[in-house]
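Trainee: Below is the file model-v4.txt, which contains compact mmCIF, C-alpha atoms.
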# COMPACT_ATOMS: atom_id res chain seq x y z
CA MET A 1 -15.33 -18.51 15.24
CA ARG A 2 -14.63 -18.07 18.94
CA ARG A 3 -16.22 -15.04 20.56
CA ALA A 4 -12.80 -13.58 21.51
CA ASP A 5 -11.69 -13.87 17.89
CA ARG A 6 -14.93 -12.26 16.73
CA LEU A 7 -14.41 -9.25 19.02
CA PHE A 8 -10.90 -8.85 17.65
CA HIS A 9 -12.20 -9.02 14.07
CA ILE A 10 -14.85 -6.38 14.78
CA ILE A 11 -12.11 -4.00 15.91
CA GLN A 12 -10.12 -4.79 12.76
CA ILE A 13 -13.15 -4.12 10.54
CA LEU A 14 -13.78 -0.77 12.23
CA ARG A 15 -10.09 0.12 11.93
CA ARG A 16 -10.33 -0.48 8.21
CA HIS A 17 -13.07 2.12 7.72
CA THR A 18 -13.11 5.87 8.31
CA THR A 19 -16.88 6.16 7.87
CA PRO A 20 -19.60 4.50 9.99
CA THR A 21 -19.93 0.74 9.45
CA THR A 22 -23.30 -0.83 10.19
CA ALA A 23 -23.88 -3.98 12.22
CA ALA A 24 -25.34 -5.60 9.11
CA GLU A 25 -22.11 -4.99 7.17
CA ILE A 26 -20.01 -6.35 10.02
CA GLY A 27 -22.31 -9.33 10.38
CA ARG A 28 -22.07 -10.22 6.70
CA GLU A 29 -18.28 -10.32 6.88
CA LEU A 30 -18.25 -12.38 10.08
CA GLU A 31 -21.24 -14.53 9.05
CA VAL A 32 -23.24 -13.70 12.18
CA SER A 33 -26.48 -11.82 12.77
CA ALA A 34 -26.71 -8.08 13.33
CA ARG A 35 -28.11 -8.85 16.80
CA THR A 36 -24.89 -10.71 17.65
CA VAL A 37 -22.86 -7.73 16.45
CA TYR A 38 -24.92 -5.38 18.63
CA ARG A 39 -24.11 -7.52 21.69
CA ASP A 40 -20.43 -7.69 20.76
CA ILE A 41 -20.22 -3.93 20.26
CA ALA A 42 -21.83 -3.39 23.66
CA ASP A 43 -19.27 -5.74 25.23
CA LEU A 44 -16.39 -3.91 23.55
CA VAL A 45 -17.70 -0.53 24.74
CA ALA A 46 -18.01 -1.97 28.26
CA GLN A 47 -14.33 -2.94 27.98
CA ARG A 48 -13.57 0.74 27.20
CA VAL A 49 -12.88 0.26 23.51
CA PRO A 50 -13.71 3.75 22.10
CA ILE A 51 -16.46 2.90 19.61
CA ALA A 52 -18.96 5.63 18.74
CA GLY A 53 -22.30 5.22 16.96
CA GLU A 54 -25.60 3.48 17.36
CA ALA A 55 -27.78 0.75 15.90
CA GLY A 56 -29.12 1.63 12.48
CA TYR A 57 -26.52 4.34 11.88
CA GLY A 58 -23.20 2.58 12.13
CA TYR A 59 -20.10 2.47 14.27
CA VAL A 60 -16.71 4.21 14.15
CA LEU A 61 -13.57 3.37 16.08
CA ALA A 62 -11.65 6.33 17.54
CA ALA A 63 -8.65 7.09 15.33
CA ASP A 64 -6.27 7.20 18.30
CA TYR A 65 -7.25 3.78 19.65
CA ASP A 66 -4.11 1.79 20.36
CA MET A 67 -4.32 -1.98 20.19
CA PRO A 68 -1.23 -4.22 20.36
CA PRO A 69 -0.11 -4.22 16.69
CA LEU A 70 1.02 -7.84 16.55
CA MET A 71 -2.19 -9.52 17.63
CA LEU A 72 -2.18 -11.14 14.21
CA THR A 73 -4.16 -14.08 12.87
CA PRO A 74 -2.41 -16.84 10.87
CA ASP A 75 -3.94 -15.48 7.64
CA GLU A 76 -2.68 -11.96 8.42
CA ILE A 77 0.81 -13.27 9.18
CA GLU A 78 0.97 -15.20 5.92
CA ALA A 79 -0.31 -12.17 4.00
CA VAL A 80 2.51 -10.04 5.43
CA VAL A 81 5.13 -12.74 4.83
CA LEU A 82 3.96 -13.28 1.25
CA GLY A 83 4.25 -9.56 0.51
CA ALA A 84 7.66 -9.37 2.19
CA GLN A 85 8.93 -12.34 0.18
CA TRP A 86 7.85 -10.69 -3.07
CA VAL A 87 9.52 -7.40 -2.12
CA ALA A 88 12.72 -9.08 -0.94
CA ALA A 89 13.16 -10.85 -4.28
CA ARG A 90 12.15 -8.12 -6.71
CA VAL A 91 12.83 -4.56 -5.61
CA ASP A 92 15.81 -2.34 -4.86
CA PRO A 93 18.35 -3.41 -2.19
CA THR A 94 17.10 -0.96 0.46
CA LEU A 95 13.51 -2.23 0.39
CA SER A 96 14.71 -5.81 -0.01
CA ARG A 97 16.68 -5.61 3.24
CA ALA A 98 13.74 -3.89 4.94
CA ALA A 99 11.38 -6.70 3.88
CA LYS A 100 13.70 -9.34 5.32
CA ASP A 101 14.00 -7.35 8.54
CA VAL A 102 10.21 -7.16 8.84
CA VAL A 103 9.90 -10.95 8.66
CA ALA A 104 12.67 -11.38 11.25
CA LYS A 105 11.00 -8.90 13.61
CA ILE A 106 7.62 -10.58 13.30
CA ALA A 107 9.17 -14.00 13.96
CA ALA A 108 10.85 -12.62 17.09
CA VAL A 109 7.72 -11.20 18.72
CA VAL A 110 4.76 -13.41 17.75
CA PRO A 111 3.75 -16.18 20.16
CA GLU A 112 5.51 -19.51 19.70
CA ARG A 113 2.34 -21.15 18.32
CA LEU A 114 2.28 -18.62 15.45
CA ARG A 115 5.99 -18.75 14.58
CA PRO A 116 5.60 -21.57 12.00
CA TYR A 117 3.32 -19.28 9.97
CA VAL A 118 6.29 -16.89 9.68
CA LEU A 119 9.14 -19.34 9.20
CA GLU A 120 7.27 -22.05 7.26
CA PRO A 121 4.37 -20.25 5.52
CA SER A 122 2.00 -22.14 3.27
CA VAL A 123 2.24 -19.41 0.60
CA ALA A 124 5.05 -18.10 -1.59
CA PRO A 125 5.38 -15.78 -4.60
CA ARG A 126 6.50 -17.12 -7.94
CA PRO A 127 10.31 -17.36 -7.88
CA ALA A 128 11.99 -14.30 -9.32
CA ALA A 129 14.39 -14.67 -12.22
CA PRO A 130 16.94 -11.87 -11.80
CA THR A 131 19.13 -13.21 -14.59
CA ALA A 132 16.31 -13.56 -17.13
CA SER A 133 16.58 -11.65 -20.38
CA ASP A 134 13.60 -9.46 -19.45
CA ALA A 135 15.07 -8.38 -16.10
CA VAL A 136 15.38 -4.61 -15.76
CA VAL A 137 18.49 -2.78 -14.62
CA ASP A 138 17.96 0.80 -13.44
CA ALA A 139 20.51 3.56 -13.70
CA VAL A 140 18.88 5.51 -10.84
CA ASP A 141 18.47 4.85 -7.13
CA ALA A 142 14.85 4.08 -6.25
CA ALA A 143 15.50 5.36 -2.72
CA THR A 144 15.84 8.87 -4.17
CA LEU A 145 12.46 8.57 -5.86
CA ARG A 146 10.80 7.36 -2.67
CA ALA A 147 12.41 10.14 -0.63
CA ALA A 148 11.05 12.76 -3.03
CA ILE A 149 7.55 11.26 -2.83
CA ARG A 150 7.62 11.31 0.98
CA GLY A 151 9.04 14.82 1.13
CA GLY A 152 6.84 16.42 -1.53
CA ARG A 153 9.94 17.46 -3.47
CA LYS A 154 10.30 18.00 -7.20
CA LEU A 155 12.56 15.75 -9.28
CA HIS A 156 14.73 16.62 -12.27
CA LEU A 157 14.79 13.70 -14.70
CA THR A 158 16.93 13.04 -17.72
CA TYR A 159 14.60 10.70 -19.55
CA ARG A 160 14.49 8.74 -22.79
CA SER A 161 10.99 8.00 -24.11
CA GLY A 162 11.32 4.56 -25.65
CA ASP A 163 13.39 4.99 -28.80
CA GLY A 164 12.69 8.73 -28.81
CA PRO A 165 14.91 11.66 -27.91
CA VAL A 166 16.32 12.37 -24.46
CA THR A 167 14.44 15.13 -22.62
CA GLU A 168 14.91 17.01 -19.37
CA ARG A 169 11.82 16.92 -17.14
CA ILE A 170 10.76 18.53 -13.88
CA VAL A 171 8.17 16.27 -12.27
CA TRP A 172 6.09 16.09 -9.10
CA PRO A 173 6.29 12.45 -7.97
CA VAL A 174 3.15 10.70 -6.72
CA VAL A 175 3.88 6.99 -6.37
CA LEU A 176 6.49 4.43 -7.42
CA GLY A 177 4.82 1.30 -8.80
CA TYR A 178 6.49 -2.12 -8.82
CA ALA A 179 5.73 -4.88 -11.33
CA GLU A 180 7.44 -8.23 -11.91
CA THR A 181 10.22 -6.87 -14.11
CA SER A 182 9.82 -3.10 -14.12
CA ARG A 183 9.16 -0.03 -12.00
CA THR A 184 7.13 3.00 -12.98
CA LEU A 185 7.10 6.45 -11.42
CA VAL A 186 3.75 8.22 -11.64
CA ALA A 187 4.25 11.99 -11.58
CA TRP A 188 2.89 15.33 -12.74
CA CYS A 189 5.10 16.45 -15.61
CA GLU A 190 5.69 20.20 -15.90
CA LEU A 191 6.80 19.80 -19.53
CA ARG A 192 3.58 18.07 -20.63
CA GLY A 193 1.24 19.68 -18.09
CA GLU A 194 -0.35 16.37 -17.11
CA PHE A 195 0.22 13.16 -15.20
CA ARG A 196 2.64 10.82 -16.94
CA HIS A 197 4.21 7.40 -16.29
CA PHE A 198 8.01 7.21 -16.31
CA ARG A 199 9.72 3.81 -16.47
CA THR A 200 12.76 3.81 -14.23
CA GLU A 201 14.99 1.92 -16.67
CA ARG A 202 14.56 4.83 -19.11
CA MET A 203 15.75 7.37 -16.54
CA LEU A 204 19.32 8.28 -17.40
CA ALA A 205 19.73 10.50 -14.33
CA VAL A 206 17.61 11.79 -11.48
CA ARG A 207 18.16 14.62 -9.01
CA MET A 208 15.93 15.60 -6.11
CA LEU A 209 15.44 19.36 -6.00
CA ASP A 210 15.17 21.56 -2.93
CA GLU A 211 11.95 23.02 -4.34
CA ARG A 212 8.65 21.55 -3.21
CA TYR A 213 5.68 21.40 -5.52
CA PRO A 214 2.59 23.51 -4.69
CA GLY A 215 0.11 22.08 -2.21
CA SER A 216 0.45 18.86 -0.23
CA ALA A 217 1.45 15.32 -1.14
CA SER A 218 -2.02 14.07 -0.20
CA GLY A 219 -3.63 16.73 -2.41
CA LEU A 220 -1.47 15.70 -5.37
CA ARG A 221 -2.37 12.05 -4.78
CA ARG A 222 -6.08 12.91 -4.78
CA ARG A 223 -5.66 14.77 -8.07
CA TRP A 224 -3.91 11.74 -9.56
CA GLN A 225 -6.60 9.35 -8.30
CA ALA A 226 -9.32 11.53 -9.87
CA TRP A 227 -7.35 11.66 -13.13
CA ARG A 228 -6.86 7.89 -13.09
CA GLU A 229 -10.58 7.26 -12.53
CA THR A 230 -11.38 9.55 -15.46
CA VAL A 231 -8.91 7.73 -17.70
CA LEU A 232 -10.25 4.31 -16.70
CA ALA A 233 -13.85 5.43 -17.26
CA THR A 234 -13.12 6.80 -20.74
CA PRO A 235 -13.73 4.17 -23.47
CA PRO A 236 -10.90 3.74 -25.97
CA ALA A 237 -11.32 5.59 -29.25
CA SER A 238 -12.66 3.43 -32.06
CA LYS A 239 -10.38 2.73 -34.97
CA SER A 240 -11.57 3.47 -38.51
Could you write out this file's structure as structure tokens?
Mentor:
Amino acid sequence: MRRADRLFHIIQILRRHTTPTTAAEIGRELEVSARTVYRDIADLVAQRVPIAGEAGYGYVLAADYDMPPLMLTPDEIEAVVLGAQWVAARVDPTLSRAAKDVVAKIAAVVPERLRPYVLEPSVAPRPAAPTASDAVVDAVDAATLRAAIRGGRKLHLTYRSGDGPVTERIVWPVVLGYAETSRTLVAWCELRGEFRHFRTERMLAVRMLDERYPGSASGLRRRWQAWRETVLATPPASKS
């Protein structure tokens, strides 16, 4: 790896972490010695890159450091293009158009030598089959769900649980998950008093309320992540 590329990668590694990262950890990822990392960090600091820390403790990059966002490597470009291709073929029309726009914008601004990685990538998702029998058709607009998540707003759902009865739910949305043929809204359900998963094809109607749920969106997400970790750590009950 060229030294210039290594300096760029060090910045990327530090960007990825919010806690101090040691030279040994950086060196393992870049396959160089800690001594080499120390020299590279010193060079970056001399170039006025705002890195704080010291040998043996770890390094942190200032949160407000601004580096040109499209200094991308070929692998990073193909990772973005692969994700955009998947989204464009499988999600709601709004995000699909946005994914295509992202690829077009990247192709317009990357250097000429990198453009083939955008327009002719070596990776591709499995082709979607929108007419397959297992394709899902939603009765609700996913853009409404995403807007409620971003705004910390409650949702009123008219929901059918499988073959069960139709219920009216007030939920606090956390995240909208996308799979190959389905979408699932994770939310705190006021009716059940716990986090629940709601499949979008079972939503008969959805309405975003003016009322916000208590606390912040980030606080609700942390509660959900703690709940999820507890669920994953709990062994399934044995059958007798």
Trainee: I'd like the neighbourhood of Arg228 in chain A as a list of chain:residue names, where a residue qualifies if any of its atoms comes within 12 Å (using only C-alpha atoms), though same-chain residues fewer than 2 positions away should be ignored.
Mentor: A:Val186, A:Ala187, A:Glu194, A:Phe195, A:Arg196, A:His197, A:Arg221, A:Arg222, A:Arg223, A:Trp224, A:Gln225, A:Ala226, A:Thr230, A:Val231, A:Leu232, A:Ala233, A:Thr234
Trainee: For range 115-126 of chain A, I'd like the enclosing box, axis-aligned and padded by 8 Å on every side, reported as JSON with centre and edge lengths in Å to one decimal.
Mentor:
{"center_x": 5.6, "center_y": -19.0, "center_z": 3.3, "size_x": 23.1, "size_y": 22.4, "size_z": 38.5}
Trainee: What does the distance between CA of Val102 in chain A and CA of Ala4 in chain A come to in Å, to one decimal place?
Mentor: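 Separation between CA of Val102 in chain A and CA of Ala4 in chain A: 27.0 Å.
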Trainee: Nearest to Asp75 in chain A among A:Leu114, A:Ala108, A:Ala24, A:Val45, with distances taken over only C-alpha atoms: which residue is it?
Mentor: A:Leu114
Trainee: Pick from A:Thr21, A:Gln85, A:Ser33, A:Thr73: nearest to Glu54 in chain A, with only C-alpha atoms counted?
Mentor: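 Residue with the minimum atom-to-atom distance to Glu54 in chain A: A:Thr21.
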Trainee: To one decimal place in Å, what is the distance between CA of Leu204 in chain A and CA of Ala217 in chain A?
Mentor: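 Computing it gives 25.2 Å between the two atoms.
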Trainee: What's the 9 Å shell around Ser161 in chain A, counting only C-alpha atoms, without same-chain residues fewer than 6 positions away, as a ChimeraX atom specification?
Mentor: /A:167,198-199,202-203
Trainee: Counting all atoms listed in the file, figure out which residue out of A:Glu201, A:Gly152, A:Arg160, A:Thr36 gets nearest to Gly219 in chain A.
Mentor: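 Ranked by minimum distance to Gly219 in chain A, first place goes to A:Gly152.
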Trainee: Can you tell me how far CA of Glu190 in chain A sits from CA of Val91 in chain A, in Å to one decimal?
Mentor: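 That distance, rounded to one decimal, is 27.7 Å.
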Trainee: Check the smallest atom-to-atom distance from each of A:Arg35, A:Arg183, A:Arg16, A:His156 to Asp92 in chain A using all atoms listed in the file, then report the winner.
Mentor: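 Going through A:Arg35, A:Arg183, A:Arg16, A:His156 one by one, the smallest distance to Asp92 in chain A is for A:Arg183.
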Trainee: Pick out the closest residue to Leu7 in chain A from this set: A:Val60, A:Ala205, A:Ile26, A:Ala142. Count all atoms listed in the file.
Mentor: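 Ranking A:Val60, A:Ala205, A:Ile26, A:Ala142 by distance to Leu7 in chain A, first place goes to A:Ile26.
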Trainee: Nearest to Pro127 in chain A: which of A:Asp141, A:Asp101, A:Glu78, A:Glu180 is it, counting only C-alpha atoms?
Mentor: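 Ranking A:Asp141, A:Asp101, A:Glu78, A:Glu180 by distance to Pro127 in chain A, first place goes to A:Glu180.
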Trainee: For Ala23 in chain A, please output as a list in words all residues within 12 Å (counting all atoms listed in the file; exclusion window: fewer than 3 positions along the same chain).
Mentor: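 After dropping sequence-adjacent residues, the list is Ile10, Ile13, Leu14, Pro20, Ile26, Gly27, Arg28, Glu29, Leu30, Glu31, Val32, Ser33, Ala34, Arg35, Thr36, Val37, Tyr38, Arg39, Asp40, Ile41, Ala42, Gly53, Glu54, Ala55, Gly56, Tyr57, Gly58, Tyr59 and Val60 of chain A.
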Trainee: Would you list the contacts of Lys100 in chain A as a ChimeraX atom specification, taking every protein, DNA or RNA residue within 12 Å and counting only C-alpha atoms, but skipping same-chain residues closer than 3 positions in sequence?
Mentor: /A:80-89,91,93-97,103-107,118-119
Trainee: Write out as JSON, numbers by chain each polymer residue whose atoms come within 9 Å of range 208-214 of chain A, counting all atoms listed in the file; drop sequence neighbours fewer than 6 positions from it.
Mentor: {"A": [144, 145, 147, 148, 151, 152, 153, 154, 155, 156, 157, 171, 172, 220]}
